[in-house]
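> Data file my_file_5.cif (mmCIF, C-alpha atoms and all ligand atoms) is appended below.
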data_target
#
loop_
_atom_site.label_atom_id
_atom_site.label_comp_id
_atom_site.auth_asym_id
_atom_site.auth_seq_id
_atom_site.Cartn_x
_atom_site.Cartn_y
_atom_site.Cartn_z
CA MET X 1 -19.88 14.31 -7.84
CA GLN X 2 -21.30 16.69 -5.25
CA ALA X 3 -18.46 19.15 -5.66
CA ILE X 4 -18.37 19.49 -9.45
CA ASP X 5 -19.89 22.65 -10.98
CA HIS X 6 -23.32 21.39 -12.08
CA GLN X 7 -24.01 24.62 -14.01
CA LYS X 8 -21.13 23.78 -16.27
CA TYR X 9 -21.05 19.98 -16.43
CA GLU X 10 -23.58 17.23 -16.94
CA LEU X 11 -22.52 14.05 -15.16
CA LEU X 12 -22.86 10.42 -16.10
CA PRO X 13 -21.56 8.27 -13.26
CA VAL X 14 -20.27 4.86 -14.31
CA TYR X 15 -19.49 2.29 -11.64
CA LEU X 16 -16.76 -0.23 -12.44
CA THR X 17 -17.34 -3.38 -10.41
CA PRO X 18 -14.38 -5.32 -8.97
CA GLU X 19 -15.15 -7.95 -11.65
CA GLY X 20 -14.66 -5.38 -14.40
CA ARG X 21 -18.25 -4.64 -15.45
CA TRP X 22 -19.14 -1.07 -16.36
CA LEU X 23 -22.52 0.04 -14.98
CA PRO X 24 -23.55 3.43 -16.34
CA GLY X 25 -26.06 5.76 -14.76
CA ALA X 26 -26.00 3.87 -11.51
CA GLU X 27 -25.24 5.56 -8.22
CA PRO X 28 -21.74 4.26 -7.49
CA LEU X 29 -22.03 4.45 -3.72
CA LEU X 30 -25.37 2.64 -3.65
CA LEU X 31 -23.98 -0.14 -5.81
CA GLN X 32 -20.90 -0.43 -3.69
CA SER X 33 -23.09 -1.01 -0.66
CA GLY X 34 -24.89 -3.87 -2.42
CA ALA X 35 -27.91 -2.32 -4.24
CA SER X 36 -28.69 -3.87 -7.61
CA PRO X 37 -27.94 -1.81 -10.70
CA THR X 38 -30.77 0.09 -12.38
CA HIS X 39 -29.20 -0.27 -15.81
CA SER X 40 -27.72 -3.12 -17.74
CA ALA X 41 -23.98 -3.28 -18.19
CA ALA X 42 -22.22 -1.35 -20.94
CA LEU X 43 -18.91 -1.38 -22.68
CA LEU X 44 -16.81 1.53 -23.76
CA SER X 45 -16.43 1.42 -27.49
CA SER X 46 -12.86 1.59 -28.74
CA ASP X 47 -14.28 3.04 -31.98
CA PRO X 48 -13.38 6.74 -32.12
CA GLN X 49 -16.54 7.43 -34.16
CA GLN X 50 -18.61 6.27 -31.22
CA ARG X 51 -16.89 8.09 -28.34
CA GLY X 52 -19.12 6.56 -25.73
CA LEU X 53 -20.75 3.57 -24.11
CA LEU X 54 -22.69 0.81 -25.85
CA PRO X 55 -25.23 -1.52 -24.21
CA LEU X 56 -23.61 -4.88 -23.55
CA SER X 57 -26.80 -6.90 -23.82
CA PRO X 58 -28.59 -7.06 -27.19
CA ARG X 59 -31.89 -6.98 -25.28
CA ALA X 60 -31.11 -3.67 -23.60
CA GLU X 61 -33.36 -0.62 -24.07
CA ALA X 62 -33.16 0.59 -27.65
CA GLN X 63 -31.47 3.89 -26.87
CA PRO X 64 -30.50 4.18 -23.22
CA GLU X 65 -30.06 7.78 -22.06
CA TRP X 66 -26.37 7.18 -21.40
CA ALA X 67 -25.70 6.09 -24.98
CA THR X 68 -24.38 9.51 -25.90
CA THR X 69 -21.06 11.05 -26.81
CA LEU X 70 -18.79 11.58 -23.82
CA ASP X 71 -16.73 14.77 -23.76
CA VAL X 72 -14.30 13.84 -21.03
CA ILE X 73 -13.78 10.94 -18.64
CA PHE X 74 -12.62 11.38 -15.06
CA PRO X 75 -11.13 8.05 -14.00
CA LEU X 76 -11.75 8.05 -10.25
CA LEU X 77 -9.93 4.77 -9.93
CA HIS X 78 -7.14 3.29 -7.91
CA GLY X 79 -4.62 0.54 -8.39
CA THR X 80 -4.56 -2.30 -10.91
CA TYR X 81 -6.60 -1.62 -14.10
CA GLY X 82 -7.26 1.89 -12.80
CA GLU X 83 -4.02 3.80 -12.62
CA ASP X 84 -1.63 1.39 -14.35
CA GLY X 85 -2.21 2.54 -17.93
CA THR X 86 -4.66 -0.19 -18.93
CA VAL X 87 -7.85 1.86 -18.74
CA GLN X 88 -5.91 4.84 -20.10
CA GLY X 89 -5.05 2.71 -23.17
CA LEU X 90 -8.73 2.01 -23.76
CA LEU X 91 -9.52 5.72 -23.49
CA GLU X 92 -6.76 6.49 -26.01
CA LEU X 93 -8.26 4.03 -28.49
CA ALA X 94 -11.70 5.52 -27.92
CA ASP X 95 -10.21 9.00 -28.49
CA ILE X 96 -12.00 10.44 -25.47
CA PRO X 97 -10.18 13.09 -23.39
CA TYR X 98 -9.50 11.89 -19.85
CA VAL X 99 -8.19 13.37 -16.63
CA GLY X 100 -4.67 12.53 -15.57
CA ALA X 101 -1.59 10.79 -16.88
CA GLY X 102 -1.42 8.86 -20.14
CA VAL X 103 -0.48 5.23 -20.73
CA LEU X 104 3.28 5.52 -20.37
CA ALA X 105 3.33 7.66 -17.22
CA SER X 106 0.59 5.58 -15.60
CA ALA X 107 2.35 2.27 -16.24
CA ALA X 108 5.80 3.56 -15.36
CA SER X 109 4.59 5.13 -12.11
CA MET X 110 2.72 1.99 -11.12
CA ASP X 111 5.86 -0.14 -11.25
CA LYS X 112 8.02 0.91 -8.33
CA GLY X 113 11.17 -0.54 -9.96
CA ILE X 114 10.76 1.28 -13.29
CA MET X 115 9.63 4.45 -11.49
CA LYS X 116 12.75 4.51 -9.33
CA SER X 117 15.09 4.00 -12.29
CA LEU X 118 13.44 6.92 -14.10
CA PHE X 119 13.84 9.00 -10.94
CA GLN X 120 17.51 8.06 -10.69
CA GLN X 121 18.07 9.05 -14.31
CA SER X 122 16.62 12.45 -13.51
CA GLY X 123 19.04 12.81 -10.61
CA LEU X 124 16.42 12.35 -7.89
CA PRO X 125 17.47 10.82 -4.56
CA VAL X 126 15.87 7.38 -4.08
CA VAL X 127 16.24 4.87 -1.25
CA PRO X 128 18.71 2.01 -1.99
CA HIS X 129 16.73 -0.94 -3.32
CA LEU X 130 16.78 -4.14 -5.37
CA VAL X 131 14.25 -5.38 -7.89
CA VAL X 132 13.71 -9.13 -7.54
CA ARG X 133 11.86 -11.18 -10.14
CA ARG X 134 9.46 -13.69 -8.62
CA HIS X 135 10.80 -16.26 -11.06
CA ASP X 136 14.33 -15.89 -9.66
CA TRP X 137 13.11 -15.88 -6.07
CA GLU X 138 11.20 -19.11 -6.59
CA ALA X 139 14.07 -20.76 -8.48
CA ASP X 140 16.74 -19.88 -5.90
CA PRO X 141 15.32 -18.56 -2.61
CA MET X 142 18.57 -18.87 -0.65
CA GLY X 143 20.66 -17.21 -3.37
CA VAL X 144 18.23 -14.29 -3.62
CA GLN X 145 18.05 -13.93 0.15
CA ASP X 146 21.86 -13.86 0.41
CA GLN X 147 22.10 -11.26 -2.31
CA ILE X 148 19.55 -9.05 -0.53
CA LEU X 149 21.26 -9.33 2.85
CA ARG X 150 24.67 -8.65 1.30
CA THR X 151 23.45 -5.54 -0.54
CA LEU X 152 21.05 -3.93 1.96
CA SER X 153 20.90 -3.79 5.74
CA LEU X 154 17.95 -4.38 8.08
CA PRO X 155 15.26 -3.21 8.48
CA LEU X 156 13.97 -3.74 4.95
CA PHE X 157 10.70 -3.07 3.20
CA VAL X 158 9.48 -5.75 0.80
CA LYS X 159 6.81 -4.74 -1.72
CA PRO X 160 5.08 -5.98 -4.84
CA ALA X 161 6.40 -3.68 -7.62
CA ASN X 162 2.90 -2.97 -8.96
CA LEU X 163 0.15 -2.23 -6.45
CA GLY X 164 -0.52 0.42 -3.84
CA SER X 165 -2.41 1.17 -0.62
CA SER X 166 0.43 -0.69 1.14
CA VAL X 167 -1.11 -4.03 0.11
CA GLY X 168 1.44 -6.87 0.22
CA ILE X 169 4.08 -4.67 1.90
CA SER X 170 6.04 -5.97 4.91
CA LYS X 171 8.62 -4.42 7.16
CA VAL X 172 11.40 -6.91 7.82
CA LYS X 173 13.34 -6.34 11.04
CA GLN X 174 15.11 -9.71 11.23
CA ALA X 175 16.64 -11.82 8.46
CA ALA X 176 14.36 -14.72 9.47
CA GLU X 177 11.31 -12.70 8.40
CA LEU X 178 12.57 -12.07 4.87
CA LEU X 179 11.26 -15.31 3.35
CA ASP X 180 7.70 -14.71 4.50
CA ALA X 181 7.84 -11.13 3.28
CA LEU X 182 8.98 -12.19 -0.21
CA ASP X 183 6.34 -14.93 -0.30
CA CYS X 184 3.68 -12.42 0.68
CA ALA X 185 4.69 -9.82 -1.94
CA SER X 186 4.99 -12.48 -4.65
CA GLN X 187 1.28 -13.25 -4.30
CA TYR X 188 0.59 -9.81 -5.72
CA ASP X 189 3.10 -9.38 -8.53
CA ARG X 190 5.77 -11.07 -10.59
CA ARG X 191 8.17 -8.24 -9.80
CA LEU X 192 9.16 -7.43 -6.22
CA LEU X 193 10.99 -4.57 -4.64
CA VAL X 194 13.23 -4.80 -1.59
CA GLU X 195 14.13 -1.47 -0.08
CA GLN X 196 16.37 -0.15 2.63
CA GLY X 197 14.10 0.79 5.55
CA LEU X 198 14.52 4.32 6.87
CA ASP X 199 13.64 5.96 10.16
CA CYS X 200 11.87 8.87 8.52
CA ARG X 201 9.10 11.45 8.36
CA GLU X 202 6.73 11.25 5.38
CA PHE X 203 5.76 14.26 3.28
CA GLU X 204 3.57 14.70 0.23
CA CYS X 205 3.13 17.38 -2.47
CA SER X 206 0.36 17.78 -5.02
CA VAL X 207 1.20 18.63 -8.62
CA LEU X 208 -1.32 20.06 -11.09
CA GLY X 209 -0.84 20.84 -14.78
CA ASN X 210 0.48 19.49 -18.05
CA ASP X 211 3.56 21.08 -19.57
CA GLU X 212 3.88 23.79 -16.95
CA PRO X 213 2.75 22.12 -13.74
CA MET X 214 2.25 23.88 -10.40
CA VAL X 215 3.09 22.43 -7.02
CA SER X 216 1.15 22.78 -3.76
CA VAL X 217 2.30 23.38 -0.21
CA VAL X 218 3.84 20.36 1.52
CA GLY X 219 1.81 18.10 3.81
CA GLU X 220 2.98 15.56 6.37
CA VAL X 221 1.48 12.14 6.98
CA ILE X 222 1.88 10.95 10.55
CA PRO X 223 0.96 7.25 10.87
CA HIS X 224 0.26 6.00 14.41
CA ARG X 225 1.42 2.52 13.53
CA GLU X 226 4.73 0.84 12.67
CA PHE X 227 4.43 2.36 9.18
CA TYR X 228 1.77 3.86 6.90
CA ASP X 229 0.07 0.52 6.21
CA TYR X 230 -3.41 -0.24 4.86
CA GLN X 231 -5.10 0.21 8.26
CA ALA X 232 -3.31 3.47 8.93
CA LYS X 233 -4.33 4.77 5.50
CA TYR X 234 -8.00 3.91 5.63
CA THR X 235 -9.00 3.82 9.31
CA GLU X 236 -10.01 7.10 10.92
CA GLY X 237 -7.67 8.03 13.76
CA LEU X 238 -4.78 5.74 12.81
CA SER X 239 -2.95 8.54 11.06
CA ASP X 240 -2.94 12.33 10.94
CA LEU X 241 -2.40 14.74 8.09
CA CYS X 242 -0.59 17.94 8.94
CA ILE X 243 -1.14 20.70 6.35
CA PRO X 244 1.05 22.58 5.81
CA ALA X 245 3.84 20.43 7.22
CA ASP X 246 5.72 21.81 10.18
CA ILE X 247 9.12 22.11 8.45
CA ASP X 248 11.47 24.94 7.59
CA GLU X 249 11.06 26.80 4.34
CA ALA X 250 14.28 25.46 2.83
CA LEU X 251 13.14 21.84 3.17
CA ALA X 252 9.67 22.70 1.87
CA ASP X 253 11.22 24.38 -1.20
CA THR X 254 13.47 21.38 -1.80
CA LEU X 255 10.55 18.95 -1.67
CA ARG X 256 8.43 21.11 -3.96
CA ARG X 257 11.26 21.31 -6.48
CA LEU X 258 11.83 17.53 -6.34
CA ALA X 259 8.07 16.98 -6.85
CA LEU X 260 8.20 18.84 -10.17
CA VAL X 261 11.28 16.91 -11.30
CA ALA X 262 9.51 13.62 -10.42
CA PHE X 263 6.40 14.70 -12.36
CA ARG X 264 8.52 15.35 -15.44
CA ALA X 265 10.68 12.24 -14.95
CA VAL X 266 7.70 9.96 -15.66
CA ASP X 267 6.01 12.38 -18.13
CA ALA X 268 2.94 12.73 -15.90
CA ALA X 269 -0.03 14.93 -16.84
CA GLY X 270 -3.00 16.52 -15.12
CA LEU X 271 -2.42 15.53 -11.54
CA ALA X 272 -0.07 13.55 -9.35
CA ARG X 273 0.90 13.34 -5.72
CA VAL X 274 4.60 12.95 -5.01
CA ASP X 275 5.56 11.28 -1.72
CA PHE X 276 8.81 11.75 0.17
CA PHE X 277 10.77 10.26 3.03
CA VAL X 278 13.03 12.54 5.06
CA GLU X 279 15.46 10.59 7.20
CA ARG X 280 15.21 11.71 10.82
CA HIS X 281 18.87 11.66 11.85
CA SER X 282 20.41 13.06 8.64
CA GLY X 283 17.57 15.18 7.30
CA THR X 284 18.21 13.64 3.83
CA PRO X 285 15.15 13.76 1.55
CA TYR X 286 14.26 10.85 -0.76
CA VAL X 287 11.51 10.66 -3.36
CA ASN X 288 9.50 7.56 -2.42
CA GLU X 289 6.91 7.48 -5.17
CA ILE X 290 4.59 9.32 -7.52
CA ASN X 291 0.88 8.49 -7.59
CA THR X 292 -0.78 9.40 -10.88
CA LEU X 293 -4.32 8.90 -9.49
CA PRO X 294 -4.05 9.92 -5.85
CA GLY X 295 -6.94 9.61 -3.41
CA PHE X 296 -9.49 12.23 -4.44
CA THR X 297 -12.16 12.38 -1.74
CA THR X 298 -12.78 15.57 0.25
CA VAL X 299 -10.61 14.19 3.06
CA SER X 300 -7.75 13.08 0.81
CA MET X 301 -4.32 14.69 0.87
CA TYR X 302 -4.33 15.69 -2.83
CA PRO X 303 -7.32 18.10 -2.78
CA LYS X 304 -6.57 19.20 0.78
CA LEU X 305 -3.10 20.37 -0.24
CA TRP X 306 -4.68 22.42 -3.03
CA GLU X 307 -7.28 23.90 -0.67
CA ALA X 308 -4.38 25.01 1.53
CA SER X 309 -2.66 26.43 -1.56
CA GLY X 310 -5.67 28.51 -2.60
CA ILE X 311 -7.53 26.21 -5.02
CA PRO X 312 -10.91 25.03 -3.67
CA TYR X 313 -12.15 21.51 -4.49
CA THR X 314 -14.72 22.62 -7.10
CA ASP X 315 -12.14 24.76 -8.95
CA LEU X 316 -9.66 21.89 -8.80
CA ILE X 317 -12.10 19.56 -10.57
CA ASP X 318 -12.76 22.23 -13.20
CA ARG X 319 -9.04 22.72 -13.82
CA LEU X 320 -8.48 18.99 -14.15
CA VAL X 321 -11.21 18.71 -16.77
CA GLN X 322 -9.72 21.63 -18.70
CA LEU X 323 -6.26 20.05 -18.49
CA ALA X 324 -7.71 16.80 -19.87
CA LEU X 325 -9.14 18.67 -22.88
CA GLU X 326 -5.89 20.57 -23.37
CA ARG X 327 -3.82 17.37 -23.32
CA HIS X 328 -6.17 15.66 -25.74
CA GLU X 329 -5.78 18.56 -28.18
CA ASP X 330 -2.02 18.43 -27.80
CA THR X 331 -1.94 14.65 -28.37
CA ARG X 332 -4.03 15.04 -31.53
CA ARG X 333 -1.27 17.14 -33.06
CA ARG X 334 0.88 14.05 -33.44
CA ARG X 335 1.18 12.34 -36.79
CA THR X 336 1.04 8.58 -36.80
CA THR X 337 1.92 8.09 -40.46
CA ARG X 338 4.19 9.94 -42.86
N1 LIG X 401 12.12 2.35 2.57
C1 LIG X 401 11.19 2.65 3.49
N2 LIG X 401 11.56 3.14 4.70
C2 LIG X 401 10.62 3.45 5.63
N3 LIG X 401 9.30 3.29 5.46
C3 LIG X 401 8.88 2.78 4.28
C4 LIG X 401 9.80 2.44 3.23
N4 LIG X 401 9.09 1.98 2.19
C5 LIG X 401 7.80 2.02 2.55
N5 LIG X 401 7.64 2.49 3.81
C6 LIG X 401 6.37 2.64 4.53
O1 LIG X 401 5.37 1.90 3.84
C7 LIG X 401 4.37 2.79 3.29
C8 LIG X 401 3.90 2.28 1.94
O2 LIG X 401 4.98 2.18 1.04
P1 LIG X 401 4.90 2.76 -0.43
O3 LIG X 401 6.17 2.43 -1.12
O4 LIG X 401 4.51 4.18 -0.37
O5 LIG X 401 3.75 1.86 -1.11
P2 LIG X 401 2.25 2.20 -1.59
O6 LIG X 401 2.37 2.40 -3.07
O7 LIG X 401 1.47 0.97 -1.27
O8 LIG X 401 1.80 3.44 -0.88
C9 LIG X 401 5.06 4.14 3.26
O9 LIG X 401 4.12 5.19 3.28
C10 LIG X 401 5.92 4.09 4.52
O10 LIG X 401 5.13 4.29 5.70
MG MG X 402 2.74 5.24 -0.73
#
Write out the structure in this file as structure tokens.

Amino acid sequence: MQAIDHQKYELLPVYLTPEGRWLPGAEPLLLQSGASPTHSAALLSSDPQQRGLLPLSPRAEAQPEWATTLDVIFPLLHGTYGEDGTVQGLLELADIPYVGAGVLASAASMDKGIMKSLFQQSGLPVVPHLVVRRHDWEADPMGVQDQILRTLSLPLFVKPANLGSSVGISKVKQAAELLDALDCASQYDRRLLVEQGLDCREFECSVLGNDEPMVSVVGEVIPHREFYDYQAKYTEGLSDLCIPADIDEALADTLRRLALVAFRAVDAAGLARVDFFVERHSGTPYVNEINTLPGFTTVSMYPKLWEASGIPYTDLIDRLVQLALERHEDTRRRRTTR
């Protein structure tokens, strides 16, 4: 909000509470730290004539200042109901342009199993893995465990298919730990992913654009823990970002090329960060994942990679808004009846 060009844009912040209420006009950071909202809650109308927020309570002020047409929405959201296509579906119904990927790309990129099969179909290298349904795991734990240990070798990574921020992810070094890891992941999703663990370096690239996307320089994430877990991601000092990554040009070019293929493989739009593993002993690169709404604070990898590639934060926001408008125009060209 501080970085956007205020000469060009008029902002209406809307805070989405963890319970799913939409609070317009309120200062998101104040609310997050416990202040009470200055406005009543609102809902986003799915009526394309409306293109904006409506007061939720019938007793609300007659015409709140935020009850106006919205030109573009910037979903600064993360995880479930934020980057999984659900909120994007609402914005499609409302016919309001929005920053970032659409419904399909958001949902497909959120599910690590679906994402990896799309990557494989596009010829991208992915780490050997198995998708396990929670239903099957609960019905036959020993059978599933045997199948995993027959197909993949330790160490393993066990993850909920849909989530992020490393929540619910365990590294399994011994077979005896596998049960707990599957139990843990199955609290978060009905689909689980078991992956071959690598001894690797981790790199990330930012992608920006719609049909002709650009790719940034490569950055490296260096976690100071067993892996890049929740603490390492969000606690100062538990990981370092190295921009640009200290790698040779050939590897950097390879990763940048793979990032563009990954962006197209899921039909992403606007922005995405593509994350890689490069195995230490073999130097083999793998695409780990694509994030359609990557961290977007001033200290986040996504904007930092663009800064290092010659696009300052304020310009980046401007470009993303323009890309949202461009994509909306392009989508409107489609016919939905004969
Ligand atoms: N197959 C793997 N081999 C080595 N490390 C892994 C593997 N899978 C995940 N990790 C570690 O766990 C972190 C989080 O996993 P990731 O699949 O990126 O989930 P999230 O969507 O939560 O970021 C990675 O950044 C990496 O440090
Ligand atoms: Mg990740």
> Write out as a list in words each polymer residue (protein, DNA or RNA) that has an atom no more than 7 Å from ligand LIG 401 (chain X), with all atoms listed in the file counted.
Val127, Leu156, Phe157, Leu163, Gly164, Ser165, Ser166, Val167, Ile169, Glu195, Gln196, Gly197, Leu198, Asp199, Cys200, Glu202, Phe227, Tyr228, Asp229, Asn288 and Glu289 of chain X
> What lies within 12 Å of Gln88 in chain X using all atoms listed in the file, ignoring chain neighbours under 6 positions off, as a count of residues only?
26
> With distances taken over all atoms listed in the file, which residue among X:Val126, X:Val266, X:Ile290, X:Leu260 lies nearest ligand MG 402 (chain X)?
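Answer, going by the shortest atom-to-atom distance: X:Ile290.
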> Of the candidates X:Gln147, X:Ser186, X:Asn210, X:Ser153, which shows the shortest atom-to-atom distance to Val321 in chain X, using all atoms listed in the file?
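So, comparing all the options, the nearest one is X:Asn210.
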> Go ahead and find all residues with at least one atom no further than 7 Å from (0.8, 13.2, -12.8) in the file's coordinates, using all atoms listed in the file; report them as a list in words.
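Looking at atoms near the point gives Gly100, Ala101, Val207, Phe263, Ala268, Ala269, Gly270, Leu271, Ala272 and Thr292 of chain X.
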> Here is a test: counting only C-alpha atoms and all ligand atoms, which residue of X:Thr235, X:Ser109, X:Thr297, X:Gln174 is nearest to ligand MG 402 (chain X)?
X:Ser109
> Neighbouring residues of range 5-11 of chain X were defined as those with any atom within 10 Å, considering only C-alpha atoms; residues of the same chain fewer than 5 positions away were excluded. Please report them as an MDAnalysis selection string.
chainID X and resid 25 70:71 73 314:315 317:318 321
> Just how far from CA of Val72 in chain X is CA of Leu316 in chain X, in Å to one decimal?
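Distance between the two atoms: 15.4 Å.
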> When you count all atoms listed in the file, which of these residues is closest to ligand MG 402 (chain X): X:Ala252, X:Ser122, X:Arg334, X:Gly79?
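Nearest to ligand MG 402 (chain X): X:Gly79.
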> If you measure from CA of Ala245 in chain X to CA of Ile4 in chain X, what distance in Å do you get, rounded to one decimal?
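We find that CA of Ala245 in chain X and CA of Ile4 in chain X lie 27.8 Å from each other.
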> For the atom pair CA of Thr68 in chain X and CA of Arg332 in chain X, what is the interatomic distance in Å to one decimal place?
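Separation between CA of Thr68 in chain X and CA of Arg332 in chain X: 21.8 Å.
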> Nearest to ligand MG 402 (chain X) among X:Leu208, X:Ala250, X:Ala181, X:Met110, with distances taken over only C-alpha atoms and all ligand atoms: which residue is it?
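Looking only at the distances to ligand MG 402 (chain X), the closest residue turns out to be X:Met110.
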> Nearest to Ser57 in chain X: which of X:Met115, X:Thr17, X:Ala42, X:Val87 is it, counting all atoms listed in the file?
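The closest residue to Ser57 in chain X is X:Ala42.
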> Name the residues in contact with range 236-242 of chain X at a cut-off of 10 Å, using only C-alpha atoms, excluding same-chain residues fewer than 6 positions from it; report them as a VMD selection string.
chain X and resid 203 to 204 218 to 225 227 to 229 299 to 301 304 to 305
> Can I get N, CA, C and O atoms for range 252-264 of chain X, as a JSON list (two decimals), in the first residue's frame?

[["chain", "number", "residue", "atom", "x", "y", "z"],
["X", 252, "ALA", "N", 21.88, -20.96, -14.50],
["X", 252, "ALA", "CA", 20.90, -19.87, -14.37],
["X", 252, "ALA", "C", 19.98, -19.85, -15.59],
["X", 252, "ALA", "O", 18.76, -19.73, -15.47],
["X", 253, "ASP", "N", 20.55, -19.99, -16.79],
["X", 253, "ASP", "CA", 19.73, -19.98, -18.01],
["X", 253, "ASP", "C", 18.76, -21.15, -18.03],
["X", 253, "ASP", "O", 17.60, -21.00, -18.42],
["X", 254, "THR", "N", 19.26, -22.32, -17.61],
["X", 254, "THR", "CA", 18.39, -23.49, -17.57],
["X", 254, "THR", "C", 17.19, -23.24, -16.65],
["X", 254, "THR", "O", 16.05, -23.49, -17.01],
["X", 255, "LEU", "N", 17.47, -22.73, -15.45],
["X", 255, "LEU", "CA", 16.39, -22.52, -14.49],
["X", 255, "LEU", "C", 15.39, -21.49, -15.00],
["X", 255, "LEU", "O", 14.17, -21.65, -14.86],
["X", 256, "ARG", "N", 15.90, -20.45, -15.64],
["X", 256, "ARG", "CA", 15.01, -19.41, -16.16],
["X", 256, "ARG", "C", 14.12, -19.97, -17.28],
["X", 256, "ARG", "O", 12.94, -19.65, -17.37],
["X", 257, "ARG", "N", 14.70, -20.83, -18.09],
["X", 257, "ARG", "CA", 13.92, -21.44, -19.17],
["X", 257, "ARG", "C", 12.84, -22.37, -18.58],
["X", 257, "ARG", "O", 11.68, -22.34, -18.98],
["X", 258, "LEU", "N", 13.24, -23.18, -17.58],
["X", 258, "LEU", "CA", 12.27, -24.09, -16.96],
["X", 258, "LEU", "C", 11.15, -23.30, -16.28],
["X", 258, "LEU", "O", 9.99, -23.74, -16.27],
["X", 259, "ALA", "N", 11.48, -22.13, -15.72],
["X", 259, "ALA", "CA", 10.46, -21.32, -15.03],
["X", 259, "ALA", "C", 9.36, -20.90, -16.02],
["X", 259, "ALA", "O", 8.17, -20.95, -15.70],
["X", 260, "LEU", "N", 9.77, -20.54, -17.23],
["X", 260, "LEU", "CA", 8.77, -20.13, -18.23],
["X", 260, "LEU", "C", 7.92, -21.32, -18.68],
["X", 260, "LEU", "O", 6.71, -21.19, -18.88],
["X", 261, "VAL", "N", 8.55, -22.48, -18.81],
["X", 261, "VAL", "CA", 7.78, -23.68, -19.19],
["X", 261, "VAL", "C", 6.77, -24.00, -18.09],
["X", 261, "VAL", "O", 5.61, -24.33, -18.36],
["X", 262, "ALA", "N", 7.20, -23.89, -16.83],
["X", 262, "ALA", "CA", 6.30, -24.19, -15.70],
["X", 262, "ALA", "C", 5.12, -23.21, -15.67],
["X", 262, "ALA", "O", 3.98, -23.60, -15.42],
["X", 263, "PHE", "N", 5.40, -21.95, -15.95],
["X", 263, "PHE", "CA", 4.36, -20.91, -15.98],
["X", 263, "PHE", "C", 3.30, -21.27, -17.02],
["X", 263, "PHE", "O", 2.09, -21.21, -16.76],
["X", 264, "ARG", "N", 3.77, -21.71, -18.19],
["X", 264, "ARG", "CA", 2.83, -22.07, -19.25],
["X", 264, "ARG", "C", 2.13, -23.38, -18.96],
["X", 264, "ARG", "O", 0.97, -23.57, -19.33]]
